[in-house]
Amino acid sequence: MKNKTVFITIFVSLLISISCNGNNRSSNVDEFSGFGDDFPITDSGTNDDELEYYDSDSEIFLKYNESDKKAYSINNSLINANTEFAVKMLKAILADEEEKNIFFSPISISVALSMTMNGADEENHEEMSKALEFSGMTQKDINKNFFDLIESLNYCDNDAELSLANSIWIVPDYNNCISEPFTEVLEKYYQSGVFEADYPDSINNWVKEKTKGKIEKVIDEFPDLLVMYLINAIYFRGSWAIPFKKEDTMPLDFFKKDGSIVSADMMKIEKRGEYTLFTDQYLKGIRLPYGRDKIAFYAFTGRIDRSIDEYLNKLTAPYLNHVLNSFNKLIIDGIFIPKFRIDYEKDLMETFKSFGMKKAFCGGFKNMNNNKCIGFNPYISAIKHKSFIDVTEEGTEAAAVTVVETSNESGPEFFSLNRPFFFLIRDDRNGTILFMGKVADPTQK
């Protein structure tokens, strides 16, 4: 067996429950044939009305204002690229696991590989850009917009804690092999701290701190000839604005795609009123915003005679963006949502190969190398994604880890999610999709 020098890029993302109010949206879509490119990706729009509730000199006003300016300044090219990538990754995963629950963080995967891409050269960089849907953007543009995105998340909502942190961990023996411009770019644009990779516990403790103890361990031991870890952690915490009462939760039927029925613990709000919904002849959706109505949870299910998979198989990024901006206030008698938990793990190596990313798996990272180490030719040897989500009466808790390993040779009408459904969590200020998933069976663990 060949000795290998290993680089590993880890992206850790944690989402914990959040709180909400409604938001009006525009028109619905009536034709299933519209699941194509007829609907351009557009801005999610801005809404500064909530700032009127705060004194313009108050600390909270100034923080919100600065956060929102950063969020709205992000170039549409990055937001559109992230949406295209999210849909592409969703469809690739579903192709393998249609009957299973899935959950992943597209922004986690995108940021992890974007950081790694700073070390890529020419052909490799072009392939990685295409795989991540960044074609047409320079690396500087990508870095600058991710910098603004990171800044905008750090004070999104006074009622929810949301933060993003990055770090670089270098084994002392390899300090002279890593290009200084490479680490400087990550320090500048991704606000990465630079640390010595002495023991696994040092890194695990950093991750535990940044995720408030929700992710305690990402590294068991250092592999032979380890060179570096790149780590990004995102943390989000809050609670449902319209809480579900535990005493109202009850076991109800959940109808699976194959016609079988399972009993799921269904949370409910059995109260007639206005809810923010999307509906057409093929699809139903609900929007549950958090905090000051900038980030929201969306869930969709097919109509009785159509499965959600029929929608997802024909989904495009332009159509998804159109739907997400086409919600309206409608009166129904309440909502039913199952409690569910998903623990998910996926090796993404073959997925990215199918996206046309080939050079990265045999070399092409000269920009990581300062040419002081003989025979230094790093390549990506693994891309792993692990995630978790738990939706309860109190709110939502979720986590995701992306590991990029680089080695070197040497009745009343209710909105009821009682059928398989697709869901996502999005920063509505600019359209960044933070998490995506599908529930095929809420009783699966």
# chains A, B, ... in the order shown; residues from 1 in each chain; ligands from 1
>>> residues_around(residues="region 345-360 of chain A", least_positions_apart="5", cutoff="10 Å", atoms="only C-alpha atoms", output="VMD selection string")
chain A and resid 88 to 89 92 to 93 102 to 104 109 117 120 to 133 365 378 to 388 400 to 404 406
>>> write_last_selection(atoms="C-alpha atoms", output="tab-separated table (two decimals), in the first residue's frame")
chain	number	residue	atom	x	y	z
A	88	LYS	CA	-28.31	19.16	-8.89
A	89	MET	CA	-27.08	17.56	-5.66
A	92	ALA	CA	-28.18	13.07	-7.77
A	93	ILE	CA	-28.81	11.81	-4.24
A	102	ILE	CA	-32.36	12.14	2.92
A	103	PHE	CA	-30.99	15.33	4.40
A	104	PHE	CA	-27.98	17.44	3.46
A	109	ILE	CA	-20.78	21.16	0.53
A	117	MET	CA	-10.83	25.29	-4.82
A	120	ALA	CA	-6.72	24.33	-7.50
A	121	ASP	CA	-4.90	25.15	-10.71
A	122	GLU	CA	-6.24	25.71	-14.25
A	123	GLU	CA	-7.98	22.56	-15.52
A	124	ASN	CA	-8.86	21.37	-12.02
A	125	HIS	CA	-10.23	24.80	-11.10
A	126	GLU	CA	-12.38	24.86	-14.24
A	127	GLU	CA	-13.83	21.40	-13.51
A	128	MET	CA	-14.53	22.24	-9.87
A	129	SER	CA	-16.19	25.52	-10.90
A	130	LYS	CA	-18.50	23.66	-13.30
A	131	ALA	CA	-19.32	21.01	-10.70
A	132	LEU	CA	-20.28	23.72	-8.19
A	133	GLU	CA	-22.10	25.77	-10.89
A	365	PHE	CA	-3.71	21.55	-6.51
A	378	PRO	CA	-2.18	16.53	-3.41
A	379	TYR	CA	-5.45	15.16	-4.81
A	380	ILE	CA	-8.97	14.69	-3.40
A	381	SER	CA	-9.32	11.12	-2.18
A	382	ALA	CA	-12.75	11.34	-0.49
A	383	ILE	CA	-15.76	13.63	-0.18
A	384	LYS	CA	-18.06	12.57	2.65
A	385	HIS	CA	-21.21	14.22	3.93
A	386	LYS	CA	-22.91	13.42	7.22
A	387	SER	CA	-26.02	15.19	8.51
A	388	PHE	CA	-28.73	15.15	11.14
A	400	ALA	CA	-24.15	18.57	8.70
A	401	VAL	CA	-20.49	17.73	8.12
A	402	THR	CA	-18.72	17.71	4.75
A	403	VAL	CA	-15.27	16.12	4.65
A	404	VAL	CA	-13.06	16.71	1.61
A	406	THR	CA	-6.98	15.28	-0.05
>>> residues_around(residues="Gly302 (chain A)", least_positions_apart="5", cutoff="12 Å", atoms="only C-alpha atoms", output="number ranges by chain")
A: 32, 255, 257, 278-285, 307-312, 415-422
>>> closest_residue(among="A:Asn369, A:Ile286, A:Ala197, A:Asp248", to="Glu180 (chain A)", atoms="only C-alpha atoms")
A:Asn369
>>> closest_residue(among="A:Leu94, A:Met137, A:Leu424, A:Leu162", to="Lys212 (chain A)", atoms="only C-alpha atoms")
A:Leu162
>>> select_by_dssp(residues="region 156-305 of chain A", states="alpha helix (DSSP H)", output="list in words")
Glu180, Pro181, Phe182, Thr183, Glu184, Val185, Leu186, Glu187, Lys188, Tyr189, Pro200, Asp201, Ser202, Ile203, Asn204, Asn205, Trp206, Val207, Lys208, Glu209 and Lys210 of chain A
>>> residues_around(residues="Asn154 (chain A)", least_positions_apart="5", cutoff="12 Å", atoms="only C-alpha atoms", output="list in words")
Lys63, Tyr64, Glu66, Ser67, Asp68, Lys70, Ala71, Phe147, Asp148, Leu149, Ala160, Glu161, Leu162, Ser163, Leu164, Ala165, Ile234, Tyr235 and Phe236 of chain A
>>> write_last_selection(atoms="N, CA and C atoms", output="PDB file, in the first residue's frame")
ATOM      1  N   LYS A  63     -27.288  46.694  13.851  1.00  0.00           N
ATOM      2  CA  LYS A  63     -26.803  45.353  13.530  1.00  0.00           C
ATOM      3  C   LYS A  63     -27.637  44.710  12.431  1.00  0.00           C
ATOM      4  N   TYR A  64     -28.962  44.836  12.549  1.00  0.00           N
ATOM      5  CA  TYR A  64     -29.834  44.301  11.508  1.00  0.00           C
ATOM      6  C   TYR A  64     -29.543  44.982  10.171  1.00  0.00           C
ATOM      7  N   GLU A  66     -26.847  46.450   9.090  1.00  0.00           N
ATOM      8  CA  GLU A  66     -25.565  46.037   8.533  1.00  0.00           C
ATOM      9  C   GLU A  66     -25.641  44.617   7.983  1.00  0.00           C
ATOM     10  N   SER A  67     -26.298  43.727   8.731  1.00  0.00           N
ATOM     11  CA  SER A  67     -26.458  42.343   8.285  1.00  0.00           C
ATOM     12  C   SER A  67     -27.249  42.278   6.984  1.00  0.00           C
ATOM     13  N   ASP A  68     -28.340  43.037   6.914  1.00  0.00           N
ATOM     14  CA  ASP A  68     -29.183  43.007   5.724  1.00  0.00           C
ATOM     15  C   ASP A  68     -28.461  43.599   4.514  1.00  0.00           C
ATOM     16  N   LYS A  70     -25.310  43.468   3.914  1.00  0.00           N
ATOM     17  CA  LYS A  70     -24.395  42.426   3.454  1.00  0.00           C
ATOM     18  C   LYS A  70     -25.159  41.352   2.675  1.00  0.00           C
ATOM     19  N   ALA A  71     -26.310  40.942   3.224  1.00  0.00           N
ATOM     20  CA  ALA A  71     -27.094  39.877   2.587  1.00  0.00           C
ATOM     21  C   ALA A  71     -27.578  40.292   1.206  1.00  0.00           C
ATOM     22  N   PHE A 147     -17.556  35.882   1.573  1.00  0.00           N
ATOM     23  CA  PHE A 147     -17.219  36.742   2.709  1.00  0.00           C
ATOM     24  C   PHE A 147     -18.448  37.534   3.160  1.00  0.00           C
ATOM     25  N   ASP A 148     -19.154  38.134   2.202  1.00  0.00           N
ATOM     26  CA  ASP A 148     -20.366  38.889   2.538  1.00  0.00           C
ATOM     27  C   ASP A 148     -21.441  37.973   3.116  1.00  0.00           C
ATOM     28  N   LEU A 149     -21.551  36.760   2.564  1.00  0.00           N
ATOM     29  CA  LEU A 149     -22.535  35.811   3.076  1.00  0.00           C
ATOM     30  C   LEU A 149     -22.240  35.453   4.525  1.00  0.00           C
ATOM     31  N   ALA A 160     -32.741  34.658  17.158  1.00  0.00           N
ATOM     32  CA  ALA A 160     -32.108  33.399  16.753  1.00  0.00           C
ATOM     33  C   ALA A 160     -30.604  33.594  16.688  1.00  0.00           C
ATOM     34  N   GLU A 161     -29.870  32.637  17.194  1.00  0.00           N
ATOM     35  CA  GLU A 161     -28.410  32.701  17.145  1.00  0.00           C
ATOM     36  C   GLU A 161     -27.933  32.003  15.882  1.00  0.00           C
ATOM     37  N   LEU A 162     -27.191  32.725  15.065  1.00  0.00           N
ATOM     38  CA  LEU A 162     -26.716  32.191  13.806  1.00  0.00           C
ATOM     39  C   LEU A 162     -25.289  32.667  13.595  1.00  0.00           C
ATOM     40  N   SER A 163     -24.354  31.753  13.481  1.00  0.00           N
ATOM     41  CA  SER A 163     -22.963  32.145  13.290  1.00  0.00           C
ATOM     42  C   SER A 163     -22.242  31.142  12.409  1.00  0.00           C
ATOM     43  N   LEU A 164     -21.186  31.611  11.766  1.00  0.00           N
ATOM     44  CA  LEU A 164     -20.393  30.760  10.896  1.00  0.00           C
ATOM     45  C   LEU A 164     -18.924  31.018  11.179  1.00  0.00           C
ATOM     46  N   ALA A 165     -18.146  29.961  11.359  1.00  0.00           N
ATOM     47  CA  ALA A 165     -16.727  30.093  11.689  1.00  0.00           C
ATOM     48  C   ALA A 165     -15.898  29.129  10.855  1.00  0.00           C
ATOM     49  N   ILE A 234     -21.169  26.060  11.050  1.00  0.00           N
ATOM     50  CA  ILE A 234     -22.305  26.990  11.068  1.00  0.00           C
ATOM     51  C   ILE A 234     -23.278  26.543  12.152  1.00  0.00           C
ATOM     52  N   TYR A 235     -23.753  27.521  12.917  1.00  0.00           N
ATOM     53  CA  TYR A 235     -24.620  27.226  14.074  1.00  0.00           C
ATOM     54  C   TYR A 235     -25.850  28.119  14.036  1.00  0.00           C
ATOM     55  N   PHE A 236     -26.996  27.538  14.299  1.00  0.00           N
ATOM     56  CA  PHE A 236     -28.257  28.285  14.262  1.00  0.00           C
ATOM     57  C   PHE A 236     -29.161  27.796  15.373  1.00  0.00           C
TER      58      PHE A 236
END
>>> atom_distance(atom1="CA of Tyr190 (chain A)", atom2="CA of Asn143 (chain A)")
7.4 Å
>>> closest_residue(among="A:Ser110, A:Ser58, A:Asn145, A:Gln444", to="Tyr344 (chain A)", atoms="only C-alpha atoms")
A:Gln444
>>> decode(residues="region 284-308 of chain A", atoms="N, CA and C atoms", output="PDB file, in the first residue's frame")
ATOM      1  N   LYS A 284     -48.576  21.184  -3.254  1.00  0.00           N
ATOM      2  CA  LYS A 284     -48.975  22.032  -2.138  1.00  0.00           C
ATOM      3  C   LYS A 284     -47.737  22.321  -1.290  1.00  0.00           C
ATOM      4  N   GLY A 285     -47.625  23.544  -0.805  1.00  0.00           N
ATOM      5  CA  GLY A 285     -46.478  23.895   0.015  1.00  0.00           C
ATOM      6  C   GLY A 285     -46.863  24.826   1.136  1.00  0.00           C
ATOM      7  N   ILE A 286     -46.093  24.805   2.206  1.00  0.00           N
ATOM      8  CA  ILE A 286     -46.304  25.718   3.321  1.00  0.00           C
ATOM      9  C   ILE A 286     -44.989  26.394   3.664  1.00  0.00           C
ATOM     10  N   ARG A 287     -45.064  27.637   4.104  1.00  0.00           N
ATOM     11  CA  ARG A 287     -43.897  28.415   4.514  1.00  0.00           C
ATOM     12  C   ARG A 287     -44.047  28.788   5.981  1.00  0.00           C
ATOM     13  N   LEU A 288     -43.081  28.393   6.791  1.00  0.00           N
ATOM     14  CA  LEU A 288     -43.055  28.748   8.207  1.00  0.00           C
ATOM     15  C   LEU A 288     -41.794  29.562   8.468  1.00  0.00           C
ATOM     16  N   PRO A 289     -41.916  30.890   8.493  1.00  0.00           N
ATOM     17  CA  PRO A 289     -40.729  31.730   8.683  1.00  0.00           C
ATOM     18  C   PRO A 289     -40.254  31.733  10.126  1.00  0.00           C
ATOM     19  N   TYR A 290     -39.032  32.162  10.313  1.00  0.00           N
ATOM     20  CA  TYR A 290     -38.403  32.215  11.632  1.00  0.00           C
ATOM     21  C   TYR A 290     -38.086  33.658  12.004  1.00  0.00           C
ATOM     22  N   GLY A 291     -38.085  33.932  13.292  1.00  0.00           N
ATOM     23  CA  GLY A 291     -37.612  35.220  13.806  1.00  0.00           C
ATOM     24  C   GLY A 291     -38.297  36.401  13.159  1.00  0.00           C
ATOM     25  N   ARG A 292     -37.496  37.264  12.588  1.00  0.00           N
ATOM     26  CA  ARG A 292     -38.030  38.482  11.965  1.00  0.00           C
ATOM     27  C   ARG A 292     -38.349  38.276  10.484  1.00  0.00           C
ATOM     28  N   ASP A 293     -38.643  37.013  10.114  1.00  0.00           N
ATOM     29  CA  ASP A 293     -39.144  36.692   8.786  1.00  0.00           C
ATOM     30  C   ASP A 293     -38.087  36.841   7.700  1.00  0.00           C
ATOM     31  N   LYS A 294     -36.850  36.458   8.004  1.00  0.00           N
ATOM     32  CA  LYS A 294     -35.789  36.484   7.007  1.00  0.00           C
ATOM     33  C   LYS A 294     -35.356  35.083   6.592  1.00  0.00           C
ATOM     34  N   ILE A 295     -35.521  34.116   7.470  1.00  0.00           N
ATOM     35  CA  ILE A 295     -35.192  32.729   7.180  1.00  0.00           C
ATOM     36  C   ILE A 295     -36.451  31.908   7.406  1.00  0.00           C
ATOM     37  N   ALA A 296     -36.690  30.928   6.548  1.00  0.00           N
ATOM     38  CA  ALA A 296     -37.950  30.190   6.636  1.00  0.00           C
ATOM     39  C   ALA A 296     -37.757  28.718   6.329  1.00  0.00           C
ATOM     40  N   PHE A 297     -38.667  27.923   6.855  1.00  0.00           N
ATOM     41  CA  PHE A 297     -38.783  26.487   6.585  1.00  0.00           C
ATOM     42  C   PHE A 297     -39.894  26.306   5.563  1.00  0.00           C
ATOM     43  N   TYR A 298     -39.607  25.591   4.482  1.00  0.00           N
ATOM     44  CA  TYR A 298     -40.595  25.315   3.449  1.00  0.00           C
ATOM     45  C   TYR A 298     -40.793  23.806   3.350  1.00  0.00           C
ATOM     46  N   ALA A 299     -42.026  23.356   3.172  1.00  0.00           N
ATOM     47  CA  ALA A 299     -42.293  21.933   2.974  1.00  0.00           C
ATOM     48  C   ALA A 299     -43.330  21.776   1.865  1.00  0.00           C
ATOM     49  N   PHE A 300     -43.126  20.781   1.013  1.00  0.00           N
ATOM     50  CA  PHE A 300     -44.000  20.550  -0.146  1.00  0.00           C
ATOM     51  C   PHE A 300     -44.412  19.084  -0.211  1.00  0.00           C
ATOM     52  N   THR A 301     -45.640  18.846  -0.582  1.00  0.00           N
ATOM     53  CA  THR A 301     -46.099  17.488  -0.872  1.00  0.00           C
ATOM     54  C   THR A 301     -46.909  17.511  -2.164  1.00  0.00           C
ATOM     55  N   GLY A 302     -46.964  16.361  -2.854  1.00  0.00           N
ATOM     56  CA  GLY A 302     -47.743  16.289  -4.075  1.00  0.00           C
ATOM     57  C   GLY A 302     -49.230  16.198  -3.768  1.00  0.00           C
ATOM     58  N   ARG A 303     -50.032  16.492  -4.762  1.00  0.00           N
ATOM     59  CA  ARG A 303     -51.476  16.286  -4.628  1.00  0.00           C
ATOM     60  C   ARG A 303     -51.767  14.791  -4.471  1.00  0.00           C
ATOM     61  N   ILE A 304     -52.977  14.459  -4.116  1.00  0.00           N
ATOM     62  CA  ILE A 304     -53.345  13.069  -3.817  1.00  0.00           C
ATOM     63  C   ILE A 304     -52.927  12.111  -4.929  1.00  0.00           C
ATOM     64  N   ASP A 305     -53.088  12.518  -6.190  1.00  0.00           N
ATOM     65  CA  ASP A 305     -52.821  11.606  -7.305  1.00  0.00           C
ATOM     66  C   ASP A 305     -51.402  11.726  -7.851  1.00  0.00           C
ATOM     67  N   ARG A 306     -50.547  12.477  -7.184  1.00  0.00           N
ATOM     68  CA  ARG A 306     -49.180  12.645  -7.666  1.00  0.00           C
ATOM     69  C   ARG A 306     -48.198  12.553  -6.491  1.00  0.00           C
ATOM     70  N   SER A 307     -47.082  11.876  -6.694  1.00  0.00           N
ATOM     71  CA  SER A 307     -46.065  11.778  -5.644  1.00  0.00           C
ATOM     72  C   SER A 307     -45.131  12.971  -5.714  1.00  0.00           C
ATOM     73  N   ILE A 308     -44.484  13.262  -4.597  1.00  0.00           N
ATOM     74  CA  ILE A 308     -43.523  14.355  -4.571  1.00  0.00           C
ATOM     75  C   ILE A 308     -42.344  14.053  -5.491  1.00  0.00           C
TER      76      ILE A 308
END
